[in-house]
Amino acid sequence: MRSLLHTFPPYATLAERVWYYALRVLCVLVLLYLALPILAIVPLSFSDSSFLAYPISGFSLRWYRNLFEAEEWMRAAKNSFIVAPAATLIATVLGTLAATGLSKAEFRGKALLMAVLISPMVVPVIVVGVGMYLFFAPLGLSDSYTALILAHAALGAPFVVTTVLATLQGFNHNLVRASLSLGAGRLTTFFRITLPLIAPGVISGALFAFATSFDEVVVTLFLAGAEQVTLPRQMFTGIRENISPTIAALATILIVFSTTLLLALEWLRGRAARRGA
C-alpha cells in the first residue's frame with residue numbers, strides 16, 4: 001500500500017487519490033462485466049450433464065470427445081480451416097496492395113474510394129449477405145467454396161487496409177527512393193524494403209481477417225450449402241435444433257483460440273513499437 005501511495009505526486013489532493021482508485025475499480029468492473037458472460041460457458045463444457053445448466057453436478061470430458069468424434073463437427077472444422085486461410089490470404093494480398101497504393105497516391109475521390117473499401121466493416125452484415133447472394137447466385141457460384149472464400153475475403157480486406165495504412169503513416173518513403181536510385185526495381189524494393197517494415201501491420205490485419213472469416217455466420221448462411229458448413233454455422237444450427245454442451249466445448253476452444261490471436265497481435269504491436277523507438 002505504501003508503494004502505491006508513493007506513485008502520487010506530493011501535491012495530490014484527497015479527491016485526486018480517490019478518483020485514482022475509483023477509476024481503476026471501475027475499469028476492473030467493466031472488464032468483469034464483459035468477460036464473465038464469456039467465461040461462464042467454460043465450466044459448462046466440462047459438465048457431465050446433457051443440458052447447459054448451473055449448478056454443475058459433475059465434471060467430464062465427454063463433450064470434447066463428442067466434438068472430435070462427431071462427423072458433422074469435424075466436417076465443419078475442415079471447412080472452416082479451408083475457407084478462413086484462403087480468405088485471409090486473398091484479403092491480405094489485396095488489402096496490402098490497396099493500402100500501399102492509397103498511401104502514395106493523391107487524387108480526387110480518394111476519400112470516396114477509401115469509404116468503399118472499408119464499407120464491409122460498417123454496412124450491416126445481413127445487407128452484405130443478401131448482396132453477396134444476389135451477386136453470386138446468377139453466376140452459379142452459390143453453395144460453393146469459391147463464393148464463400150471470396151465473400152469472407154471481402155469482409156476481411158478492410159481490416160488489412162486500415163492496419164497497413166496506419167503502419168504506413170510512419171513509413172519513411174525516402175528509403176524507397178534510395179532503393180530505386182540505386183538500381184533496384186519496384187518489385188524488389190517492395191519485397192526488400194517496404195514489406196519488411198510494414199510487416200507488423202500486414203500480420204495484424206491478416207489476424208483480424210482470419211478471425212473475421214473464422215467467426216462469420218450470417219454471410220455463410222446465405223452462401224454455403226450442405227457441404228460448406230463451417231463451425232459457426234454448425235453452432236448456429238445446433239442452437240436452433242438442440243442445445244448440446246458440445247457447443248460449450250467448441251466455444252471454449254474458440255475462446256482460447258481467439259485469445260491466442262489477440263496475444264499474438266499485442267506481441268506484434270509491442271515489437272513494432274520497440275523497433276520504432
# chains A, B, ... in the order shown; residues from 1 in each chain; ligands from 1
call {"tool": "residues_around", "arguments": {"residues": "range 166-176 of chain A", "least_positions_apart": "6", "cutoff": "7 Å", "atoms": "only C-alpha atoms", "output": "NGL selection string"}}
result
:A and (103 or 189 or 193 or 198 or 201)
call {"tool": "residues_around", "arguments": {"residues": "range 215-226 of chain A", "least_positions_apart": "2", "cutoff": "8 Å", "atoms": "only C-alpha atoms", "output": "list in words"}}
result
Val125, Ile126, Val128, Gly129, Val130, Met132, Tyr133, Ser142, Asp143, Ser144, Tyr145, Ala147, Leu148, Ala151, His152, Ala211, Thr212, Ser213, Gln228, Val229, Thr230, Pro232, Arg233 and Phe236 of chain A
call {"tool": "atom_distance", "arguments": {"atom1": "CA of Thr188 in chain A", "atom2": "CA of Gly270 in chain A"}}
result
27.7 Å
call {"tool": "select_by_dssp", "arguments": {"residues": "range 96-223 of chain A", "states": "helix (DSSP H, G or I)", "output": "PyMOL selection string"}}
result
chain A and resi 96-104+110-122+125-139+145-168+174-181+186-215+218-223
call {"tool": "closest_residue", "arguments": {"among": "A:Ala153, A:Leu250, A:Ile239, A:Ile255", "to": "Arg65 in chain A", "atoms": "only C-alpha atoms"}}
result
A:Leu250
call {"tool": "residues_around", "arguments": {"residues": "range 32-41 of chain A", "least_positions_apart": "2", "cutoff": "9 Å", "atoms": "only C-alpha atoms", "output": "PyMOL selection string"}}
result
chain A and resi 27-30+43-45+52+248-249+251-252+255
call {"tool": "write_last_selection", "arguments": {"atoms": "all heavy atoms", "output": "compact mmCIF listing (two decimals), in the first residue's frame"}}
result
# COMPACT_ATOMS: atom_id res chain seq x y z
N CYS A 27 -12.70 0.32 -13.98
CA CYS A 27 -12.15 -0.43 -15.12
C CYS A 27 -12.22 -1.93 -14.87
O CYS A 27 -12.57 -2.70 -15.78
CB CYS A 27 -10.70 0.00 -15.37
SG CYS A 27 -10.52 1.67 -16.01
N VAL A 28 -11.91 -2.35 -13.64
CA VAL A 28 -11.98 -3.78 -13.31
C VAL A 28 -13.42 -4.28 -13.42
O VAL A 28 -13.68 -5.37 -13.95
CB VAL A 28 -11.42 -4.03 -11.91
CG1 VAL A 28 -11.69 -5.46 -11.46
CG2 VAL A 28 -9.92 -3.75 -11.88
N LEU A 29 -14.38 -3.49 -12.94
CA LEU A 29 -15.78 -3.89 -13.01
C LEU A 29 -16.26 -4.00 -14.45
O LEU A 29 -17.01 -4.92 -14.80
CB LEU A 29 -16.65 -2.88 -12.24
CG LEU A 29 -16.48 -2.88 -10.72
CD1 LEU A 29 -17.32 -1.77 -10.09
CD2 LEU A 29 -16.84 -4.23 -10.13
N VAL A 30 -15.83 -3.07 -15.31
CA VAL A 30 -16.21 -3.13 -16.72
C VAL A 30 -15.62 -4.37 -17.38
O VAL A 30 -16.30 -5.07 -18.15
CB VAL A 30 -15.74 -1.85 -17.46
CG1 VAL A 30 -15.93 -2.00 -18.96
CG2 VAL A 30 -16.53 -0.64 -16.97
N PRO A 43 -16.91 -23.57 -17.70
CA PRO A 43 -17.20 -24.72 -16.82
C PRO A 43 -18.27 -25.64 -17.38
O PRO A 43 -18.22 -26.86 -17.15
CB PRO A 43 -17.66 -24.05 -15.51
CG PRO A 43 -17.07 -22.68 -15.56
CD PRO A 43 -17.08 -22.29 -17.00
N LEU A 44 -19.23 -25.08 -18.13
CA LEU A 44 -20.30 -25.91 -18.68
C LEU A 44 -19.78 -26.91 -19.69
O LEU A 44 -20.37 -27.97 -19.90
CB LEU A 44 -21.38 -25.03 -19.32
CG LEU A 44 -22.19 -24.15 -18.37
CD1 LEU A 44 -23.12 -23.23 -19.15
CD2 LEU A 44 -22.99 -25.02 -17.40
N SER A 45 -18.67 -26.58 -20.33
CA SER A 45 -18.12 -27.51 -21.32
C SER A 45 -17.54 -28.76 -20.67
O SER A 45 -17.34 -29.77 -21.34
CB SER A 45 -17.03 -26.81 -22.14
OG SER A 45 -15.89 -26.53 -21.34
N LEU A 52 -27.21 -27.46 -20.61
CA LEU A 52 -26.41 -26.32 -20.18
C LEU A 52 -27.09 -25.67 -18.99
O LEU A 52 -28.01 -24.86 -19.14
CB LEU A 52 -26.27 -25.31 -21.33
CG LEU A 52 -25.50 -25.78 -22.56
CD1 LEU A 52 -25.59 -24.76 -23.67
CD2 LEU A 52 -24.04 -26.04 -22.20
N ALA A 248 -20.75 -25.80 -26.02
CA ALA A 248 -19.93 -25.16 -24.99
C ALA A 248 -18.48 -25.58 -25.11
O ALA A 248 -17.56 -24.76 -24.91
CB ALA A 248 -20.47 -25.51 -23.61
N ALA A 249 -18.24 -26.84 -25.45
CA ALA A 249 -16.86 -27.32 -25.63
C ALA A 249 -16.19 -26.60 -26.80
O ALA A 249 -15.04 -26.15 -26.70
CB ALA A 249 -16.86 -28.82 -25.86
N ALA A 251 -17.11 -23.69 -28.01
CA ALA A 251 -16.98 -22.28 -27.64
C ALA A 251 -15.74 -22.06 -26.78
O ALA A 251 -15.03 -21.06 -26.94
CB ALA A 251 -18.23 -21.81 -26.90
N THR A 252 -15.45 -22.98 -25.88
CA THR A 252 -14.25 -22.87 -25.05
C THR A 252 -12.99 -22.92 -25.89
O THR A 252 -12.06 -22.13 -25.69
CB THR A 252 -14.23 -24.00 -24.00
OG1 THR A 252 -15.41 -23.92 -23.20
CG2 THR A 252 -13.01 -23.90 -23.12
N ILE A 255 -12.65 -19.65 -27.65
CA ILE A 255 -12.20 -18.59 -26.74
C ILE A 255 -10.69 -18.63 -26.59
O ILE A 255 -10.00 -17.60 -26.66
CB ILE A 255 -12.90 -18.73 -25.37
CG1 ILE A 255 -14.39 -18.37 -25.49
CG2 ILE A 255 -12.24 -17.84 -24.33
CD1 ILE A 255 -15.19 -18.69 -24.25
call {"tool": "atom_distance", "arguments": {"atom1": "CA of Met114 in chain A", "atom2": "CA of Ala157 in chain A"}}
result
11.9 Å
call {"tool": "residues_around", "arguments": {"residues": "Thr246 in chain A", "least_positions_apart": "5", "cutoff": "8 Å", "atoms": "only C-alpha atoms", "output": "number ranges by chain"}}
result
A: 45, 63-64, 66-67
call {"tool": "atom_distance", "arguments": {"atom1": "CA of Met235 in chain A", "atom2": "CA of Phe257 in chain A"}}
result
16.1 Å
call {"tool": "closest_atom_pairs", "arguments": {"of": "range 148-241 of chain A", "to": "range 82-97 of chain A", "cutoff": "7 Å", "atoms": "only C-alpha atoms", "output": "CSV"}}
result
residue,atom,partner,partner_atom,distance
A:Ile149,CA,A:Ala87,CA,5.0
A:Leu150,CA,A:Ala87,CA,6.4
A:His152,CA,A:Ala87,CA,5.6
A:Ala153,CA,A:Ala87,CA,4.4
A:Ala154,CA,A:Ala91,CA,6.7
A:Gly156,CA,A:Ala91,CA,5.7
A:Ala157,CA,A:Ala91,CA,4.3
A:Pro158,CA,A:Gly95,CA,6.8
A:Val160,CA,A:Gly95,CA,5.1
A:Val161,CA,A:Gly95,CA,4.7
A:Val164,CA,A:Thr96,CA,6.4
A:Val202,CA,A:Thr96,CA,6.8
A:Ala206,CA,A:Thr92,CA,5.6
A:Ala209,CA,A:Thr88,CA,5.6
A:Phe210,CA,A:Thr88,CA,5.3
A:Ser213,CA,A:Ala84,CA,5.2
A:Phe214,CA,A:Ala84,CA,5.5
call {"tool": "residues_around", "arguments": {"residues": "Phe51 in chain A", "least_positions_apart": "3", "cutoff": "10 Å", "atoms": "only C-alpha atoms", "output": "compact mmCIF listing (two decimals) with all heavy atoms, in the first residue's frame"}}
result
# COMPACT_ATOMS: atom_id res chain seq x y z
N LEU A 44 -19.23 -25.08 -18.13
CA LEU A 44 -20.30 -25.91 -18.68
C LEU A 44 -19.78 -26.91 -19.69
O LEU A 44 -20.37 -27.97 -19.90
CB LEU A 44 -21.38 -25.03 -19.32
CG LEU A 44 -22.19 -24.15 -18.37
CD1 LEU A 44 -23.12 -23.23 -19.15
CD2 LEU A 44 -22.99 -25.02 -17.40
N SER A 47 -19.07 -30.18 -18.01
CA SER A 47 -20.16 -30.79 -17.26
C SER A 47 -20.50 -32.17 -17.81
O SER A 47 -20.40 -32.41 -19.01
CB SER A 47 -21.39 -29.89 -17.31
OG SER A 47 -22.51 -30.51 -16.73
N ASP A 48 -20.93 -33.06 -16.92
CA ASP A 48 -21.37 -34.38 -17.37
C ASP A 48 -22.87 -34.42 -17.65
O ASP A 48 -23.41 -35.46 -18.02
CB ASP A 48 -21.01 -35.45 -16.34
CG ASP A 48 -21.70 -35.24 -15.00
OD1 ASP A 48 -22.37 -34.20 -14.84
OD2 ASP A 48 -21.57 -36.10 -14.11
N TYR A 54 -26.51 -24.54 -14.57
CA TYR A 54 -25.84 -24.49 -13.28
C TYR A 54 -26.86 -24.88 -12.20
O TYR A 54 -28.06 -24.62 -12.37
CB TYR A 54 -25.31 -23.08 -13.02
CG TYR A 54 -24.03 -22.74 -13.75
CD1 TYR A 54 -24.06 -21.90 -14.87
CD2 TYR A 54 -22.81 -23.23 -13.32
CE1 TYR A 54 -22.89 -21.58 -15.53
CE2 TYR A 54 -21.64 -22.90 -13.98
CZ TYR A 54 -21.68 -22.07 -15.08
OH TYR A 54 -20.52 -21.76 -15.74
N ILE A 56 -23.33 -27.32 -11.60
CA ILE A 56 -22.79 -28.46 -12.32
C ILE A 56 -22.73 -29.66 -11.38
O ILE A 56 -22.12 -29.60 -10.30
CB ILE A 56 -21.38 -28.13 -12.87
CG1 ILE A 56 -21.49 -26.96 -13.85
CG2 ILE A 56 -20.76 -29.34 -13.53
CD1 ILE A 56 -20.15 -26.46 -14.35
N ASN A 242 -30.93 -28.30 -31.12
CA ASN A 242 -30.71 -29.00 -29.85
C ASN A 242 -29.50 -28.38 -29.16
O ASN A 242 -28.37 -28.50 -29.65
CB ASN A 242 -30.46 -30.49 -30.09
CG ASN A 242 -30.22 -31.24 -28.81
OD1 ASN A 242 -30.71 -30.83 -27.76
ND2 ASN A 242 -29.47 -32.32 -28.89
N ILE A 243 -29.73 -27.69 -28.05
CA ILE A 243 -28.64 -27.03 -27.34
C ILE A 243 -27.85 -28.09 -26.57
O ILE A 243 -28.25 -28.51 -25.48
CB ILE A 243 -29.18 -25.93 -26.41
CG1 ILE A 243 -29.97 -24.91 -27.20
CG2 ILE A 243 -28.02 -25.25 -25.69
CD1 ILE A 243 -30.56 -23.81 -26.36
N SER A 244 -26.76 -28.50 -27.15
CA SER A 244 -25.92 -29.54 -26.57
C SER A 244 -24.68 -28.91 -25.93
O SER A 244 -24.15 -27.92 -26.45
CB SER A 244 -25.50 -30.54 -27.65
OG SER A 244 -24.48 -31.39 -27.18
N PRO A 245 -24.19 -29.47 -24.82
CA PRO A 245 -22.93 -28.99 -24.25
C PRO A 245 -21.74 -29.11 -25.19
O PRO A 245 -20.69 -28.55 -24.90
CB PRO A 245 -22.76 -29.87 -23.00
CG PRO A 245 -24.15 -30.26 -22.62
CD PRO A 245 -24.86 -30.44 -23.94
N THR A 246 -21.90 -29.84 -26.29
CA THR A 246 -20.83 -29.87 -27.29
C THR A 246 -20.54 -28.47 -27.80
O THR A 246 -19.40 -28.13 -28.11
CB THR A 246 -21.22 -30.79 -28.46
OG1 THR A 246 -21.53 -32.09 -27.97
CG2 THR A 246 -20.08 -30.91 -29.46
call {"tool": "closest_residue", "arguments": {"among": "A:Pro120, A:Gly131, A:Gly109, A:Val42", "to": "Val256 in chain A", "atoms": "only C-alpha atoms"}}
result
A:Val42
